[in-house]
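Colleague: Quick one: this structure, given as structure tokens, is what I'll be asking you about.
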Amino acid sequence: MLTGGGQVGNKVNVVCVASWNVDLVAHISEPLRRGETKLASAFERLPGGKGSNAAIAAARMGARVGLIARIGGDDFGQMGLDLWQQEKIDTTHVVRANNEANGTALILVYADGDNAIAVYPGAGAGLTPVHVESADDMVSNAKVVMASCEVPLAATQTAFQLARQAGVITLLNPAPAIPIPDEFWPLIDVITPNEEELLKLANVYTHDLDSAANQLLEKGVGAVVVTLGEKGCALYRPKLAVHLVAGHSMEVRDTIGAGDTFTGALAASLSMDFSWEQSLRLANAAAALSTQAHGAVSAMPQREELESWLETIMSA
Ligand code: RIB
């Protein structure tokens, strides 16, 4: 049982420098070959964006979440505002680019639940350090600031610099895995790559997770949490042995947003001062439950649901 935490008044405790996409999802039996056309068996238009997904996961865990984002002036932009209002997410620092299209993700989901995604960031590509600086007050008074690599790195770097000056925890989901400059690494307190992202970021060409994670620690990252799907996750910190936290074997509907859910749940629990063990158990469980319905957001659990599921499986 995980205890403690919860929303504390109106003050934002988790800030997300966020991407917001509308996901256009087609279900097909198996990956397309180059030049091939296949009929899809289903199509959905769903909320997405790695940043918004993680923000919603954190809000459902009980954190008070605020966004820094740039969204389109079109209907897709409005969908984001409506969604965040429902999820009680603070949008004071969301700006709308009236003449620009919102971000869109084209997603293919295969019969085994795996997927492939192409993201067009749209208005989100215009998020700047100046915009982030205008949210300094919200960042400096938070407990955790998180971002993914779907937003411009310069904006995230500014947010992490402001956070660092104020002693706020910084959390990066390095998805998609893009080159990260040397001066950026020491600004990251916690990073949450999956196995492929970790190996790519560390330029390791064998499946040697230990040496890849240690390379990121040597670059100045405070903690590396590698997500391992149903095997759970592995926590690497300087001078400490790797700590494994077991995951959950589930029948998967689709894995869209599972990594974002993990990051958001982790941000929420770190903001509530949970221990690493508690935080990682909660993040593993939230990510596992998020695979139980189609789309990134629909199966993301509320905290009560998550706790009662954990109690059930622990007493079984
Ligand atoms: O991580 C899943 C997300 O990646 C999707 O929601 C899509 O929008 C892309 O950002």
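Lettering and numbering for the structure tokens are positional, with chains as A, B, ... in the shown order, residues counted from 1 in each chain, and ligands counted from 1 in the shown order.
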Around ligand 1, which protein and nucleic acid residues have at least one atom no more than 6 Å from it, if we count only C-alpha atoms and all ligand atoms? List them as a ChimeraX atom specification.
Modeller: /A:21,23,48-50,105,256-257,260,296
Colleague: Enumerate the residues of range 119-262 of chain A with a DSSP assignment of alpha helix (DSSP H), computed from the backbone, and present them as a VMD selection string.
Modeller: chain A and resid 129 to 133 136 to 140 153 to 165 195 to 201 209 to 218 258 to 262
Colleague: Calculate how many Å separate CA of Pro47 in chain A from CA of Asn194 in chain A, rounding to one decimal.
Modeller: 22.0 Å
Colleague: List as a PyMOL selection string the protein and nucleic acid residues near range 186-193 of chain A, meaning an atom at most 8 Å away when only C-alpha atoms are counted, but skip any in the same chain fewer than 3 places from it.
Modeller: chain A and resi 157+160-161+164+169-175+183+196-198+219-227+263
Colleague: Restricting the output to C-alpha atoms, write the selected residues as an mmCIF file, in the first residue's frame.
Modeller:
```cif
data_model
loop_
_atom_site.group_PDB
_atom_site.id
_atom_site.type_symbol
_atom_site.label_atom_id
_atom_site.label_comp_id
_atom_site.auth_asym_id
_atom_site.auth_seq_id
_atom_site.Cartn_x
_atom_site.Cartn_y
_atom_site.Cartn_z
ATOM 1 C CA GLN A 157 17.214 23.403 -20.881
ATOM 2 C CA PHE A 160 15.877 22.799 -15.991
ATOM 3 C CA GLN A 161 18.260 25.723 -15.329
ATOM 4 C CA ARG A 164 18.177 23.784 -10.634
ATOM 5 C CA ILE A 169 13.913 18.047 -9.190
ATOM 6 C CA THR A 170 14.346 17.747 -12.990
ATOM 7 C CA LEU A 171 13.081 14.663 -14.831
ATOM 8 C CA LEU A 172 13.668 13.945 -18.522
ATOM 9 C CA ASN A 173 11.935 11.289 -20.610
ATOM 10 C CA PRO A 174 14.460 11.107 -23.485
ATOM 11 C CA ALA A 175 11.883 10.136 -26.098
ATOM 12 C CA GLU A 183 26.217 20.979 -20.893
ATOM 13 C CA GLU A 196 16.696 1.254 -26.934
ATOM 14 C CA GLU A 197 16.811 4.926 -25.980
ATOM 15 C CA LEU A 198 19.452 4.257 -23.341
ATOM 16 C CA LYS A 219 28.042 12.674 -17.947
ATOM 17 C CA GLY A 220 26.449 14.129 -14.794
ATOM 18 C CA VAL A 221 22.920 12.669 -14.616
ATOM 19 C CA GLY A 222 21.752 12.106 -11.012
ATOM 20 C CA ALA A 223 19.791 8.861 -11.551
ATOM 21 C CA VAL A 224 19.035 6.673 -14.566
ATOM 22 C CA VAL A 225 15.767 4.706 -14.462
ATOM 23 C CA VAL A 226 15.649 2.265 -17.365
ATOM 24 C CA THR A 227 12.157 1.020 -18.203
ATOM 25 C CA THR A 263 7.374 9.145 -16.215
#
```
Colleague: Counting only C-alpha atoms, what is within 8 Å of Thr261 in chain A, bar same-chain residues fewer than 3 positions away, as a PyMOL selection string?
Modeller: chain A and resi 53-54+57-58+257-258+264-265+283+286-287+290+300
Colleague: Nearest to Asp136 in chain A among A:Asn98, A:His93, A:Glu304, A:Gly247, with distances taken over only C-alpha atoms: which residue is it?
Modeller: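 Selected residue with least distance to Asp136 in chain A: A:His93.
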Colleague: Pick the closest to Val12 in chain A from A:Glu251, A:Asp90, A:Asp74, A:Asp182: which is it, counting only C-alpha atoms?
Modeller: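 Of A:Glu251, A:Asp90, A:Asp74, A:Asp182, the one nearest Val12 in chain A is A:Asp90, counting only C-alpha atoms.
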Colleague: Could you give me the residues within range 23-204 of chain A that DSSP places in strand (DSSP E or B), as a ChimeraX atom specification?
Modeller: /A:23-27,42-48,65-72,90-97,103-109,115-120,144-148,169-173,190-191,194
